[in-house]
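input.cif (mmCIF, C-alpha atoms (C1' of nucleotides)) appears below.
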```
data_protein
#
loop_
_atom_site.label_atom_id
_atom_site.label_comp_id
_atom_site.auth_asym_id
_atom_site.auth_seq_id
_atom_site.Cartn_x
_atom_site.Cartn_y
_atom_site.Cartn_z
CA MET A 1 55.90 -86.73 172.69
CA SER A 2 52.86 -86.38 174.93
CA ALA A 3 50.23 -83.67 174.94
CA PRO A 4 50.91 -80.63 177.12
CA PRO A 5 49.11 -81.61 180.33
CA ALA A 6 48.66 -78.09 181.64
CA GLU A 7 46.78 -77.00 178.58
CA ASP A 8 44.40 -79.94 178.57
CA LEU A 9 43.85 -79.56 182.27
CA VAL A 10 42.94 -75.91 181.89
CA ARG A 11 40.45 -76.72 179.16
CA GLN A 12 38.85 -79.34 181.32
CA TRP A 13 38.71 -76.94 184.24
CA GLU A 14 37.13 -74.24 182.09
CA ARG A 15 34.38 -76.63 181.07
CA GLU A 16 33.79 -77.56 184.70
CA GLN A 17 33.58 -73.90 185.70
CA ALA A 18 31.11 -73.17 182.91
CA ARG A 19 28.97 -76.08 184.01
CA LEU A 20 28.92 -75.16 187.70
CA ARG A 21 28.52 -71.46 186.95
CA GLN A 22 24.91 -72.11 185.96
CA GLN A 23 24.14 -73.30 189.45
CA VAL A 24 25.23 -70.13 191.23
CA VAL A 25 22.40 -68.34 193.01
CA GLU A 26 23.10 -64.60 193.02
CA GLU A 27 20.25 -63.55 195.27
CA ASP A 28 19.47 -63.68 198.96
CA THR A 29 17.86 -66.97 199.89
CA GLU A 30 17.80 -66.80 203.68
CA ASP A 31 15.50 -64.84 205.97
CA TRP A 32 18.33 -63.36 208.01
CA GLN A 33 19.77 -61.80 204.87
CA ARG A 34 16.70 -59.58 204.56
CA SER A 35 16.88 -58.38 208.13
CA PRO A 36 18.49 -54.96 208.67
CA ASP A 37 20.53 -56.30 211.58
CA PHE A 38 20.83 -59.88 210.33
CA SER A 39 18.64 -61.19 213.13
CA GLY A 40 18.50 -64.95 212.90
CA LEU A 41 22.16 -65.15 211.93
CA GLU A 42 24.10 -67.00 214.61
CA ARG A 43 27.06 -68.74 212.96
CA VAL A 44 29.49 -67.49 210.31
CA GLY A 45 32.24 -69.66 208.88
CA GLY A 46 35.69 -68.85 207.58
CA VAL A 47 38.11 -70.97 205.55
CA ASP A 48 41.73 -70.66 204.55
CA LEU A 49 44.85 -72.62 203.66
CA SER A 50 48.32 -71.83 205.01
CA PHE A 51 51.56 -73.14 203.56
CA ILE A 52 54.97 -73.97 204.89
CA LYS A 53 57.51 -71.69 203.32
CA GLY A 54 59.17 -73.27 200.35
CA ASP A 55 56.56 -76.03 200.17
CA ASP A 56 53.56 -75.55 197.92
CA VAL A 57 52.25 -79.09 198.33
CA ASN A 58 51.74 -79.52 202.07
CA ALA A 59 49.33 -77.12 203.70
CA CYS A 60 47.07 -76.66 206.67
CA ALA A 61 43.39 -76.47 205.77
CA GLN A 62 41.42 -74.46 208.28
CA LEU A 63 37.74 -74.13 209.06
CA VAL A 64 36.51 -71.87 211.83
CA ILE A 65 33.00 -71.09 213.01
CA LEU A 66 32.33 -67.81 214.78
CA SER A 67 29.26 -66.67 216.65
CA TYR A 68 27.30 -63.73 215.29
CA PRO A 69 27.26 -60.92 216.17
CA ASP A 70 29.90 -61.46 218.85
CA LEU A 71 32.42 -63.09 216.50
CA GLU A 72 33.69 -65.50 219.14
CA VAL A 73 35.27 -68.77 218.04
CA LEU A 74 32.82 -71.67 218.45
CA TYR A 75 34.68 -74.32 216.48
CA GLU A 76 38.03 -74.79 214.82
CA ASP A 77 39.44 -77.53 212.62
CA SER A 78 43.02 -77.66 211.38
CA GLN A 79 44.00 -80.45 209.02
CA MET A 80 47.24 -81.05 207.19
CA VAL A 81 46.56 -81.83 203.54
CA THR A 82 48.55 -82.66 200.43
CA LEU A 83 47.65 -80.55 197.43
CA THR A 84 47.69 -82.08 194.00
CA ALA A 85 46.56 -79.31 191.67
CA PRO A 86 48.96 -76.50 190.77
CA TYR A 87 48.10 -72.89 191.40
CA ILE A 88 46.96 -71.24 188.22
CA ALA A 89 45.35 -67.80 188.40
CA GLY A 90 41.66 -68.23 187.69
CA PHE A 91 41.63 -71.83 188.86
CA LEU A 92 42.34 -71.50 192.54
CA ALA A 93 39.27 -73.54 193.42
CA PHE A 94 40.61 -76.71 191.88
CA ARG A 95 43.56 -76.48 194.23
CA GLU A 96 41.77 -75.65 197.46
CA THR A 97 38.09 -76.58 197.31
CA PRO A 98 38.41 -80.33 197.94
CA PHE A 99 40.02 -79.76 201.33
CA LEU A 100 37.62 -77.04 202.37
CA LEU A 101 34.72 -79.35 201.52
CA GLU A 102 36.30 -82.10 203.58
CA ALA A 103 36.47 -79.77 206.56
CA LEU A 104 32.80 -78.91 206.16
CA GLU A 105 31.97 -82.60 205.94
CA ARG A 106 33.85 -83.31 209.17
CA LEU A 107 31.81 -80.60 210.84
CA GLN A 108 28.61 -81.99 209.40
CA GLU A 109 29.51 -85.36 210.84
CA ASN A 110 30.78 -84.29 214.27
CA GLN A 111 28.91 -81.12 215.19
CA PRO A 112 26.09 -80.65 212.69
CA THR A 113 24.43 -78.05 214.89
CA LEU A 114 27.45 -75.79 214.33
CA LEU A 115 27.17 -75.73 210.54
CA PRO A 116 27.64 -72.14 209.36
CA GLN A 117 24.81 -70.13 207.82
CA VAL A 118 27.30 -68.36 205.59
CA VAL A 119 30.97 -68.90 204.77
CA PHE A 120 33.59 -66.25 204.13
CA VAL A 121 36.10 -67.37 201.54
CA ASP A 122 39.61 -66.05 200.99
CA GLY A 123 39.35 -65.19 197.29
CA ASN A 124 36.87 -64.01 194.70
CA GLY A 125 33.35 -65.13 193.87
CA LEU A 126 31.68 -63.81 190.72
CA PHE A 127 34.49 -61.28 190.41
CA HIS A 128 36.49 -63.66 188.27
CA TYR A 129 37.58 -64.11 184.66
CA ARG A 130 34.69 -66.48 184.02
CA GLU A 131 32.49 -65.32 186.89
CA PHE A 132 33.22 -68.42 188.90
CA GLY A 133 35.87 -67.94 191.56
CA LEU A 134 36.64 -69.98 194.64
CA ALA A 135 33.72 -68.59 196.65
CA CYS A 136 31.24 -69.65 193.96
CA HIS A 137 32.88 -73.04 193.59
CA LEU A 138 32.73 -73.79 197.29
CA GLY A 139 29.22 -72.38 197.51
CA VAL A 140 27.80 -74.51 194.73
CA LEU A 141 29.49 -77.70 195.88
CA SER A 142 28.58 -77.21 199.54
CA GLY A 143 25.18 -75.64 198.99
CA LEU A 144 26.02 -72.99 201.58
CA PRO A 145 25.79 -69.22 201.15
CA CYS A 146 29.31 -67.93 200.48
CA VAL A 147 30.97 -64.53 200.28
CA GLY A 148 34.24 -63.97 198.44
CA VAL A 149 36.72 -61.51 199.92
CA ALA A 150 40.00 -60.93 198.08
CA LYS A 151 42.87 -58.91 199.44
CA ASN A 152 44.22 -58.09 196.01
CA LEU A 153 42.54 -56.88 192.86
CA LEU A 154 42.11 -59.40 190.11
CA GLN A 155 42.25 -57.52 186.84
CA VAL A 156 39.20 -58.95 185.23
CA GLN A 157 38.44 -57.58 181.77
CA GLY A 158 36.87 -54.22 182.22
CA VAL A 159 38.26 -53.58 185.68
CA TYR A 160 41.41 -51.55 186.11
CA LYS A 161 43.34 -50.07 188.95
CA SER A 162 42.21 -46.50 189.15
CA GLU A 163 40.36 -43.99 191.26
CA GLU A 164 37.17 -45.68 190.14
CA HIS A 165 38.21 -49.06 191.34
CA GLN A 166 39.32 -47.53 194.63
CA SER A 167 35.89 -46.04 195.14
CA GLN A 168 34.12 -49.30 194.34
CA ALA A 169 36.34 -51.38 196.59
CA LEU A 170 35.32 -51.86 200.19
CA ARG A 171 37.14 -50.02 202.93
CA SER A 172 36.37 -52.66 205.50
CA SER A 173 37.62 -50.98 208.66
CA ASP A 174 38.13 -47.37 209.61
CA ARG A 175 41.87 -47.76 209.89
CA SER A 176 42.64 -49.53 206.64
CA SER A 177 43.34 -47.43 203.60
CA LYS A 178 43.90 -50.58 201.57
CA PRO A 179 40.55 -51.98 200.44
CA VAL A 180 39.25 -55.52 200.10
CA TYR A 181 37.26 -56.84 197.15
CA VAL A 182 33.90 -58.40 198.00
CA SER A 183 31.89 -60.47 195.57
CA VAL A 184 28.98 -62.86 195.56
CA GLY A 185 29.86 -66.48 196.09
CA HIS A 186 26.50 -68.23 196.32
CA LYS A 187 23.03 -67.69 197.76
CA ILE A 188 23.58 -64.05 198.68
CA SER A 189 23.18 -60.70 196.94
CA LEU A 190 26.12 -58.35 196.50
CA ASP A 191 24.43 -55.75 198.64
CA THR A 192 23.98 -58.21 201.48
CA ALA A 193 27.49 -59.57 201.02
CA VAL A 194 29.01 -56.11 201.39
CA ARG A 195 26.82 -55.26 204.37
CA LEU A 196 27.66 -58.53 206.07
CA THR A 197 31.36 -58.16 205.39
CA HIS A 198 31.38 -54.74 207.02
CA SER A 199 29.51 -56.17 209.95
CA CYS A 200 32.11 -58.91 210.43
CA CYS A 201 35.20 -56.71 210.26
CA ARG A 202 37.24 -55.74 213.28
CA TYR A 203 40.27 -55.21 211.10
CA ARG A 204 40.78 -55.05 207.37
CA VAL A 205 40.08 -58.73 206.76
CA PRO A 206 36.71 -60.08 207.94
CA GLU A 207 37.07 -61.86 211.24
CA PRO A 208 36.14 -65.37 210.03
CA ILE A 209 38.89 -65.31 207.40
CA ARG A 210 41.33 -63.62 209.71
CA GLN A 211 40.78 -66.24 212.41
CA ALA A 212 41.14 -69.06 209.90
CA ASP A 213 44.39 -67.52 208.74
CA CYS A 214 45.74 -67.02 212.25
CA LEU A 215 44.78 -70.49 213.44
CA SER A 216 46.20 -72.32 210.43
CA ARG A 217 49.45 -70.40 210.74
CA GLU A 218 49.61 -71.17 214.42
CA TYR A 219 49.09 -74.84 213.65
CA LEU A 220 52.03 -74.84 211.26
CA ARG A 221 54.17 -72.96 213.75
CA ILE A 222 53.52 -75.55 216.44
CA HIS A 223 53.70 -78.70 214.34
CA PHE A 224 56.42 -77.64 211.90
CA PRO A 225 58.73 -75.34 213.85
CA ALA A 226 61.40 -73.76 211.69
CA ALA A 227 60.67 -76.27 208.96
CA ASP A 228 63.50 -75.09 206.73
CA THR A 229 66.08 -73.53 208.99
CA GLY A 230 68.46 -76.30 208.13
CA ILE A 231 68.09 -77.91 211.52
CA LYS A 232 69.44 -81.45 211.20
CA GLU A 233 69.96 -84.11 213.82
"C1'" DG B 1 60.35 -57.67 175.97
"C1'" DC B 2 56.44 -56.11 179.16
"C1'" DG B 3 52.87 -56.71 182.36
"C1'" DA B 4 49.74 -59.60 184.97
"C1'" DC B 5 49.47 -63.27 188.25
"C1'" DA B 6 42.67 -64.36 193.75
"C1'" DG B 7 45.81 -67.92 196.94
"C1'" DA C 1 50.90 -68.62 199.56
"C1'" DT C 2 55.88 -67.22 201.40
"C1'" DC C 3 60.41 -64.44 202.02
"C1'" DT C 4 60.27 -60.70 207.20
"C1'" DT C 5 61.46 -56.84 212.62
"C1'" DG C 6 61.18 -53.15 213.87
"C1'" DT C 7 59.22 -49.00 213.31
"C1'" DC C 8 56.75 -44.68 212.22
"C1'" DG C 9 52.25 -42.64 212.98
"C1'" DC C 10 47.52 -41.80 214.95
#
```

Please express the file's structure as structure tokens.
Amino acid sequence: MSAPPAEDLVRQWEREQARLRQQVVEEDTEDWQRSPDFSGLERVGGVDLSFIKGDDVNACAQLVILSYPDLEVLYEDSQMVTLTAPYIAGFLAFRETPFLLEALERLQENQPTLLPQVVFVDGNGLFHYREFGLACHLGVLSGLPCVGVAKNLLQVQGVYKSEEHQSQALRSSDRSSKPVYVSVGHKISLDTAVRLTHSCCRYRVPEPIRQADCLSREYLRIHFPAADTGIKE
DNA sequence: GCGACAG
DNA sequence: ATCTTGTCGC
């Protein structure tokens, strides 16, 4: 009857990624990025989405701004959102980016002085099938420097799980044997991205992302307690 | 059928 | 993403 929607959608998304890919800036563009101790860097952002179990449509979109180098929370924004795009590996950005941008726009409108100088994103940047992961997507559309940090290895062509990959991956904190995968999102070099990630880690996951994750989960816990425990009135 | 599959 | 508490180890 009708054309397979998923296939057409993916083609359209691939074209969009190819178009935006050209706008990624893979080098350092900010003065603080050149500084050995990142002097001049005062605010780092983190974004994440958390879901209610068994519901892949309603989620809490979280933006958090931390001070640097103290990593104290300066700003937090939790917003329930309704996702429209499905999750397809390689196209995560089309599912999440709109709501992360909205959060940044709310910040821009309400507390522009707190806008982050760099944003940590839960997912990959250039380390992506088409070199355009979520961190690049958010970076290009927001214009902000972004760093991608993934907790799991995406098996991009040419990259395999091995001793090599283990040695390339970043052991972010002393205590974590399991690595994280850092890649360039936008307006930052890989070297700086790795250095900055290390500098923002108290635990395995960089503090901005970890805080965004904790706060969005807490929001769901408070506003949707036991959302599927079969509690009826 | 098998393996991969960021979040 | 989520299902999931306590537990073993440094």

Q) Taking (59.5, -62.6, 200.4) in the file's coordinates, which residues come within 12 Å, counting only C-alpha atoms (C1' of nucleotides), written as a list in words? A)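 Those residues lying close to the given coordinates are Lys53 and Gly54 of chain A; DA1, DT2, DC3 and DT4 of chain C.
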
Q) Got a sec to pull out which chain B residues are within 7 Å of chain A, counting all atoms listed in the file, and send them as a PyMOL selection string? A) chain B and resi 5-7

Store the residues of this selection in a file with C-alpha atoms (C1' of nucleotides), as a JSON list (two decimals), keeping the file's coordinate frame.
```json
[["chain", "number", "residue", "atom", "x", "y", "z"],
["B", 5, "DC", "C1'", 49.47, -63.27, 188.25],
["B", 6, "DA", "C1'", 42.67, -64.36, 193.75],
["B", 7, "DG", "C1'", 45.81, -67.92, 196.94]]
```

Q: Output the residue selection produced by the PyMOL selection byres ((chain A and resi 104) around 10) on the file above, formatted as a list in words.
A: Gly45, Val47, Gln62, Leu63, Val64, Asp77, Phe99, Leu100, Leu101, Glu102, Ala103, Glu105, Arg106, Leu107, Gln108, Glu109, Asn110, Pro112, Leu115, Pro116 and Ser142 of chain A

Q. Can you tell me, as a list in words, which residues sit within 7 Å of (32.1, -56.7, 203.1) in the file's frame, using only C-alpha atoms (C1' of nucleotides)?
A.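 Using only C-alpha atoms (C1' of nucleotides), the matching residues come out as Leu170, Ser172, Val182, Ala193, Val194, Arg195, Leu196, Thr197 and His198 of chain A.
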
Print the selection's residues with C-alpha atoms to a file, as a PDB file, in the frame of the given file.
```pdb
ATOM      1  CA  LEU A 170      35.320 -51.860 200.190  1.00  0.00           C
ATOM      2  CA  SER A 172      36.370 -52.660 205.500  1.00  0.00           C
ATOM      3  CA  VAL A 182      33.900 -58.400 198.000  1.00  0.00           C
ATOM      4  CA  ALA A 193      27.490 -59.570 201.020  1.00  0.00           C
ATOM      5  CA  VAL A 194      29.010 -56.110 201.390  1.00  0.00           C
ATOM      6  CA  ARG A 195      26.820 -55.260 204.370  1.00  0.00           C
ATOM      7  CA  LEU A 196      27.660 -58.530 206.070  1.00  0.00           C
ATOM      8  CA  THR A 197      31.360 -58.160 205.390  1.00  0.00           C
ATOM      9  CA  HIS A 198      31.380 -54.740 207.020  1.00  0.00           C
TER      10      HIS A 198
END
```

**Q.** Distance in Å - atom CA of A:Gln22 versus atom CA of A:Leu83
**A.** 26.8 Å

**Q.** d(atom CA of A:Leu215, atom CA of A:Ser67) in Å
**A.**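 That distance, rounded to one decimal, is 16.3 Å.
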
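Residue selection for this entry, given the PyMOL selection byres ((chain A and resi 30-35) around 10), comprises Glu27, Asp28, Thr29, Pro36, Asp37, Phe38, Ser39, Gly40, Leu41, Glu42, Gln117, Val118, Pro145, Lys187, Ile188, Ser189, Asp191, Thr192, Ala193, Arg195 and Leu196 of chain A.
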
Centre and size of axis-aligned box enclosing chain B plus 8 Å each side, as lines of an AutoDock Vina configuration file:
```
center_x = 51.5
center_y = -62.0
center_z = 186.5
size_x = 33.7
size_y = 27.8
size_z = 37.0
```

Q) atom CA of A:Phe94 to atom CA of A:Tyr129: how many Å, to one decimal? A) 14.8 Å

Q) Which of these, A:Val156, A:Arg21, A:Arg130, A:Leu220, has the shortest distance to B:DA4 once you count all atoms listed in the file? A)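 Using all atoms listed in the file, B:DA4 sits closest to A:Val156.
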
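With distances restricted to all atoms listed in the file, A:Glu26 is the closest residue to A:Cys146 from A:Glu26, A:Glu131, A:Asp174, A:Asp213.
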
Q | For chain C, the nearest of the candidates A:Arg221, A:Arg175, A:Arg11, A:Arg43, counting only C-alpha atoms (C1' of nucleotides) | A | A:Arg175

Q. Of the candidates A:Leu20, A:Asp70, A:Arg217, A:Leu190, which shows the shortest atom-to-atom distance to chain C, using only C-alpha atoms (C1' of nucleotides)?
A.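 Using only C-alpha atoms (C1' of nucleotides), the shortest distance to chain C belongs to A:Arg217.
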